[in-house]
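Asker: I'm passing along target-v8.csv; it holds CSV, C-alpha atoms.
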chain,number,residue,atom,x,y,z
A,1,MET,CA,122.6,104.9,130.3
A,2,GLU,CA,119.0,104.7,129.2
A,3,TYR,CA,119.1,108.3,128.0
A,4,LEU,CA,122.4,107.8,126.2
A,5,ARG,CA,121.0,104.7,124.4
A,6,ALA,CA,117.9,106.7,123.4
A,7,PHE,CA,120.1,109.5,122.2
A,8,VAL,CA,122.4,107.3,120.1
A,9,VAL,CA,119.6,105.1,118.6
A,10,GLY,CA,117.4,108.1,117.8
A,11,GLY,CA,120.3,110.0,116.4
A,12,LEU,CA,121.3,107.2,114.1
A,13,ILE,CA,117.8,106.8,112.7
A,14,CYS,CA,117.8,110.5,111.9
A,15,VAL,CA,121.3,110.2,110.2
A,16,ILE,CA,119.8,107.5,107.9
A,17,GLY,CA,117.1,110.0,107.0
A,18,GLN,CA,119.6,112.7,106.5
A,19,ILE,CA,121.7,110.5,104.1
A,20,LEU,CA,118.5,109.7,102.2
A,21,ILE,CA,117.6,113.4,101.9
A,22,ASP,CA,121.1,114.4,100.8
A,23,LYS,CA,121.9,111.5,98.5
A,24,THR,CA,118.6,110.7,96.8
A,25,ASN,CA,115.7,112.7,95.5
A,26,LEU,CA,113.4,111.7,98.3
A,27,THR,CA,111.6,114.7,99.8
A,28,PRO,CA,111.1,114.8,103.6
A,29,ALA,CA,107.4,113.9,103.0
A,30,ARG,CA,108.4,110.7,101.2
A,31,ILE,CA,111.0,110.0,103.9
A,32,LEU,CA,108.2,110.1,106.5
A,33,VAL,CA,106.1,107.7,104.4
A,34,CYS,CA,109.0,105.3,103.8
A,35,PHE,CA,110.1,105.3,107.4
A,36,VAL,CA,106.6,104.5,108.8
A,37,THR,CA,106.2,101.7,106.2
A,38,LEU,CA,109.7,100.4,106.9
A,39,GLY,CA,109.1,100.5,110.6
A,40,ALA,CA,106.0,98.3,110.2
A,41,ILE,CA,107.7,95.8,107.9
A,42,LEU,CA,110.8,95.6,110.2
A,43,THR,CA,108.5,95.0,113.2
A,44,ALA,CA,106.7,92.2,111.2
A,45,ILE,CA,109.9,90.3,110.6
A,46,GLY,CA,111.1,90.8,114.2
A,47,VAL,CA,113.9,93.2,113.6
A,48,TYR,CA,112.5,96.3,115.2
A,49,GLU,CA,111.5,94.9,118.5
A,50,PRO,CA,115.1,94.4,119.7
A,51,ILE,CA,115.9,97.9,118.6
A,52,VAL,CA,113.0,99.2,120.8
A,53,LYS,CA,114.2,97.0,123.7
A,54,PHE,CA,117.7,98.6,123.4
A,55,GLY,CA,116.9,102.2,122.4
A,56,GLY,CA,113.6,102.9,124.2
A,57,ALA,CA,112.3,106.2,123.1
A,58,GLY,CA,115.2,106.5,120.6
A,59,ALA,CA,113.4,103.9,118.6
A,60,THR,CA,109.7,104.7,119.3
A,61,VAL,CA,109.9,108.5,118.9
A,62,PRO,CA,111.2,108.6,115.3
A,63,LEU,CA,108.7,107.8,112.6
A,64,PRO,CA,109.6,104.1,112.2
A,65,GLY,CA,108.4,103.8,115.8
A,66,PHE,CA,104.9,104.8,114.6
A,67,GLY,CA,105.0,101.9,112.1
A,68,TYR,CA,106.2,99.7,114.9
A,69,THR,CA,103.2,100.7,117.1
A,70,LEU,CA,100.8,100.0,114.1
A,71,ALA,CA,102.2,96.6,113.1
A,72,LYS,CA,102.7,95.4,116.7
A,73,GLY,CA,99.1,96.4,117.6
A,74,ALA,CA,97.8,94.6,114.5
A,75,MET,CA,99.7,91.4,115.3
A,76,LYS,CA,98.7,91.5,119.0
A,77,ALA,CA,95.0,92.0,118.1
A,78,VAL,CA,95.2,89.0,115.6
A,79,ASP,CA,96.4,86.9,118.6
A,80,GLU,CA,93.4,88.0,120.6
A,81,MET,CA,90.6,88.0,118.2
A,82,GLY,CA,91.7,86.5,114.9
A,83,VAL,CA,91.5,88.0,111.5
A,84,LEU,CA,89.4,91.0,112.6
A,85,GLY,CA,92.3,92.1,114.7
A,86,ALA,CA,94.3,92.9,111.5
A,87,PHE,CA,91.8,95.7,110.8
A,88,THR,CA,91.3,97.0,114.3
A,89,GLY,CA,94.7,96.4,116.1
A,90,GLY,CA,96.9,98.9,114.3
A,91,VAL,CA,94.8,102.0,114.6
A,92,ARG,CA,93.7,101.1,118.1
A,93,ALA,CA,97.4,100.9,119.3
A,94,ALA,CA,98.2,104.2,117.5
A,95,ALA,CA,94.9,106.0,118.4
A,96,GLY,CA,96.5,108.3,121.0
A,97,GLY,CA,99.1,109.6,118.6
A,98,ILE,CA,96.7,109.9,115.7
A,99,THR,CA,94.1,111.8,117.8
A,100,ALA,CA,96.8,114.0,119.3
A,101,ALA,CA,98.1,114.8,115.9
A,102,VAL,CA,94.6,115.8,114.6
A,103,VAL,CA,93.5,117.8,117.7
A,104,PHE,CA,96.8,119.5,118.6
A,105,GLY,CA,97.5,120.1,114.9
A,106,TYR,CA,94.2,121.7,114.4
A,107,LEU,CA,94.4,123.9,117.5
A,108,ALA,CA,97.9,125.0,116.7
A,109,ALA,CA,97.0,125.8,113.0
A,110,VAL,CA,93.9,127.8,114.2
A,111,LEU,CA,95.6,129.7,117.1
A,112,PHE,CA,98.9,130.6,115.4
A,113,ASN,CA,99.7,132.4,112.2
A,114,PRO,CA,102.8,131.7,110.1
A,115,LYS,CA,105.7,133.9,110.9
A,116,MET,CA,107.1,136.2,108.3
A,117,LYS,CA,110.1,134.8,106.5
A,118,ARG,CA,113.2,136.5,107.9
B,1,MET,CA,131.5,109.0,69.4
B,2,ASP,CA,134.8,110.5,68.2
B,3,VAL,CA,137.7,111.4,70.4
B,4,LYS,CA,137.0,115.1,70.3
B,5,GLN,CA,133.4,114.6,71.4
B,6,GLN,CA,134.6,112.4,74.3
B,7,LYS,CA,137.0,115.1,75.4
B,8,LEU,CA,134.3,117.7,75.3
B,9,ASN,CA,132.0,115.5,77.4
B,10,LYS,CA,134.7,114.9,79.9
B,11,GLU,CA,135.5,118.6,80.2
B,12,TYR,CA,131.8,119.3,80.6
B,13,GLN,CA,131.4,116.7,83.4
B,14,GLU,CA,134.3,118.3,85.2
B,15,TYR,CA,132.8,121.7,84.8
B,16,VAL,CA,129.5,120.5,86.2
B,17,GLN,CA,131.3,118.8,89.2
B,18,ARG,CA,133.1,122.1,89.9
B,19,LYS,CA,130.0,124.2,89.7
B,20,MET,CA,127.7,121.9,91.8
B,21,PRO,CA,127.0,123.1,95.3
B,22,LYS,CA,129.3,121.2,97.7
B,23,SER,CA,127.4,118.7,99.7
B,24,TYR,CA,127.9,119.1,103.4
B,25,LEU,CA,126.9,115.5,104.1
B,26,LEU,CA,129.1,115.0,107.1
B,27,ARG,CA,128.0,118.3,108.7
B,28,ASP,CA,124.3,117.6,107.9
B,29,CYS,CA,124.6,114.1,109.5
B,30,VAL,CA,126.3,115.3,112.7
B,31,LEU,CA,123.6,118.0,113.1
B,32,ALA,CA,120.8,115.4,112.4
B,33,PHE,CA,122.4,113.1,114.9
B,34,LEU,CA,122.6,115.7,117.6
B,35,VAL,CA,119.1,117.2,117.0
B,36,GLY,CA,117.4,113.9,116.5
B,37,GLY,CA,119.2,112.4,119.5
B,38,THR,CA,118.2,115.3,121.7
B,39,ILE,CA,114.5,115.0,120.7
B,40,CYS,CA,114.5,111.3,121.5
B,41,THR,CA,116.2,111.8,124.8
B,42,ILE,CA,113.5,114.3,125.7
B,43,GLY,CA,111.0,111.6,124.6
B,44,GLN,CA,112.7,109.1,127.0
B,45,ALA,CA,112.4,111.6,129.8
B,46,VAL,CA,108.7,112.0,129.0
B,47,SER,CA,108.2,108.3,128.9
B,48,ASN,CA,110.0,107.8,132.3
B,49,PHE,CA,107.9,110.6,133.8
B,50,GLY,CA,104.7,108.8,132.6
B,51,LYS,CA,105.9,105.5,134.0
B,52,SER,CA,106.9,106.8,137.5
B,53,TYR,CA,104.2,109.5,138.1
B,54,PHE,CA,101.1,107.9,136.3
B,55,ASN,CA,102.2,104.2,136.8
B,56,LEU,CA,101.9,103.6,133.0
B,57,ASN,CA,102.9,100.3,131.5
B,58,THR,CA,105.3,100.2,128.5
B,59,GLU,CA,102.5,100.5,125.9
B,60,GLU,CA,100.6,103.2,127.7
B,61,ALA,CA,103.9,105.1,128.3
B,62,SER,CA,104.6,104.9,124.6
B,63,ALA,CA,101.2,106.4,123.7
B,64,PHE,CA,101.6,109.0,126.4
B,65,THR,CA,105.1,109.9,125.0
B,66,ALA,CA,103.7,110.2,121.4
B,67,ILE,CA,100.9,112.5,122.6
B,68,VAL,CA,103.2,114.8,124.6
B,69,MET,CA,105.8,114.9,121.8
B,70,ILE,CA,103.2,115.7,119.2
B,71,PHE,CA,101.8,118.5,121.5
B,72,ILE,CA,105.4,119.9,121.8
B,73,GLY,CA,106.0,119.7,118.1
B,74,ALA,CA,102.6,121.4,117.2
B,75,LEU,CA,103.2,124.1,119.8
B,76,LEU,CA,106.8,124.9,118.6
B,77,THR,CA,105.6,124.9,115.0
B,78,GLY,CA,102.9,127.4,115.9
B,79,LEU,CA,105.4,129.6,117.7
B,80,GLY,CA,107.7,129.4,114.6
B,81,VAL,CA,110.5,127.9,116.7
B,82,TYR,CA,110.4,124.5,115.0
B,83,ASP,CA,111.3,125.9,111.6
B,84,ASP,CA,114.5,127.3,113.2
B,85,ILE,CA,115.3,123.9,114.6
B,86,GLY,CA,114.7,122.4,111.2
B,87,LYS,CA,117.1,124.8,109.5
B,88,TYR,CA,119.9,123.2,111.4
B,89,GLY,CA,118.6,119.8,112.3
B,90,GLY,CA,117.5,118.6,108.8
B,91,ALA,CA,116.3,115.1,109.1
B,92,GLY,CA,117.0,115.3,112.9
B,93,SER,CA,113.9,117.5,113.1
B,94,VAL,CA,111.9,115.7,110.4
B,95,VAL,CA,112.1,112.0,111.4
B,96,PRO,CA,111.0,112.2,115.0
B,97,ILE,CA,107.3,112.4,115.7
B,98,THR,CA,107.6,116.1,116.5
B,99,GLY,CA,108.5,116.5,112.8
B,100,PHE,CA,105.3,114.6,112.0
B,101,ALA,CA,103.4,117.2,114.1
B,102,ASN,CA,105.3,120.0,112.2
B,103,SER,CA,104.3,118.5,108.9
B,104,ILE,CA,100.7,118.7,110.0
B,105,VAL,CA,100.6,122.2,111.4
B,106,SER,CA,102.8,124.0,108.9
B,107,PRO,CA,100.6,123.5,105.7
B,108,ALA,CA,97.4,123.9,107.8
B,109,MET,CA,98.5,127.2,109.2
B,110,GLU,CA,99.8,128.4,105.8
B,111,PHE,CA,96.5,127.7,104.1
B,112,LYS,CA,94.2,129.1,106.8
B,113,LYS,CA,93.1,131.9,104.4
B,114,GLU,CA,91.4,129.3,102.3
B,115,GLY,CA,89.0,128.6,105.1
B,116,TYR,CA,88.5,126.2,108.0
B,117,VAL,CA,87.3,123.3,105.9
B,118,PHE,CA,89.4,123.2,102.7
B,119,GLY,CA,92.2,125.3,104.2
B,120,VAL,CA,93.0,124.1,107.7
B,121,GLY,CA,90.9,120.9,107.6
B,122,SER,CA,92.2,119.3,104.5
B,123,LYS,CA,95.8,120.7,104.6
B,124,LEU,CA,96.3,119.1,108.0
B,125,PHE,CA,96.5,115.9,106.1
B,126,SER,CA,98.6,116.9,103.1
B,127,ILE,CA,101.5,114.9,104.6
B,128,ALA,CA,99.9,113.1,107.5
B,129,GLY,CA,97.3,111.6,105.0
B,130,PRO,CA,99.9,109.7,103.0
B,131,VAL,CA,101.7,108.7,106.2
B,132,LEU,CA,98.5,107.3,107.6
B,133,VAL,CA,97.4,105.6,104.3
B,134,TYR,CA,100.7,103.7,104.0
B,135,GLY,CA,101.2,103.1,107.7
B,136,ILE,CA,97.7,101.7,108.3
B,137,SER,CA,97.6,99.7,105.1
B,138,THR,CA,100.9,98.1,105.9
B,139,SER,CA,99.7,97.3,109.4
B,140,VAL,CA,96.6,95.6,108.0
B,141,LEU,CA,98.8,93.7,105.5
B,142,VAL,CA,101.2,92.7,108.4
B,143,GLY,CA,98.2,91.5,110.5
B,144,LEU,CA,96.7,89.5,107.7
B,145,ILE,CA,100.0,87.8,106.8
B,146,TYR,CA,100.6,87.1,110.5
B,147,PHE,CA,97.2,85.6,110.7
B,148,PHE,CA,97.9,83.1,107.9
B,149,VAL,CA,101.5,82.4,108.8
B,150,LYS,CA,101.4,81.9,112.6
Using structure tokens, write down the structure from this file.
Answerer:
Amino acid sequence: MEYLRAFVVGGLICVIGQILIDKTNLTPARILVCFVTLGAILTAIGVYEPIVKFGGAGATVPLPGFGYTLAKGAMKAVDEMGVLGAFTGGVRAAAGGITAAVVFGYLAAVLFNPKMKR
Amino acid sequence: MDVKQQKLNKEYQEYVQRKMPKSYLLRDCVLAFLVGGTICTIGQAVSNFGKSYFNLNTEEASAFTAIVMIFIGALLTGLGVYDDIGKYGGAGSVVPITGFANSIVSPAMEFKKEGYVFGVGSKLFSIAGPVLVYGISTSVLVGLIYFFVK
């Protein structure tokens, strides 16, 4: 059941992205930016947390989940240490993902070469 | 506008409609759903693996999943497999965090010939940069508003 929920929720978030790509002039890069920002805002107003509770990785693996991690981390850190937390909490919560993106991204770019277009 | 002009406009609009490439919205959406759903299901499996084998709590498992998925995305992009998935998956391959990894590796790999600093180093962030700028800025804003509202 858990896997089915992840599949459906993750799939639906991607369908929203697909509709945006097909029906508007948003490029994939802009979709990514919009989704992260939207994820953070939805988390702030309490909408995204229930989606994460229901969909699990289906809600955290897509890009809005990255915004969720950032916003949730910022709010949690504000609870713990006050206003300073707004500046430290987001990146701290997302540190693993950001660092993995930089390190694995760099390694992959250095080790591999682009394939010829077929 | 006289009647003749209006008729001409209408005919032209119809001509444009006929010649426009048909949008395969439904097909695109089904593929995005299947590919995106599959990637998220793999993410769920990674998360469950982290929870049961490394005894991670929910937050740690989430970070663990992000790291593993980014690794998979970067590796598949390097091998050239991810572009093939993207051809069919559309947003289903862009929106998950593996697509974020793809958006980092692709331009960096492409611009390697411009050197390791201004080629690889800076192109890593051509899409990740904006994502981080807006994501982190929004999180700070959210934190500040939360501080004053709570």
Asker: As a VMD selection string, could you give me every residue of chain B near chain A (at most 7 Å apart, counting all atoms listed in the file)?
Answerer: chain B and resid 25 28 to 29 32 to 34 36 to 38 40 to 41 43 to 44 63 66 to 67 70 to 71 74 to 75 78 to 80 90 to 92 94 to 97 101 104 to 105 108 to 110 120 127 130 to 131 134 to 136 138 to 140 142 to 144 146 to 147
Asker: Interatomic distance between CA of Asn102 (chain B) and CA of Leu132 (chain B)?
Answerer: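 Straight-line distance from CA of Asn102 (chain B) to CA of Leu132 (chain B) works out to 15.1 Å.
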Asker: Using CA of Asn57 (chain B) and CA of Thr98 (chain B) as the two end points, give the distance in Å to one decimal.
Answerer: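 Taking CA of Asn57 (chain B) as the start and CA of Thr98 (chain B) as the end point, the length is 22.3 Å.
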Asker: Just how far from CA of Tyr88 (chain B) is CA of Phe100 (chain B), in Å to one decimal?
Answerer: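 Spanning CA of Phe100 (chain B) to CA of Tyr88 (chain B) is a straight-line distance of 17.0 Å.
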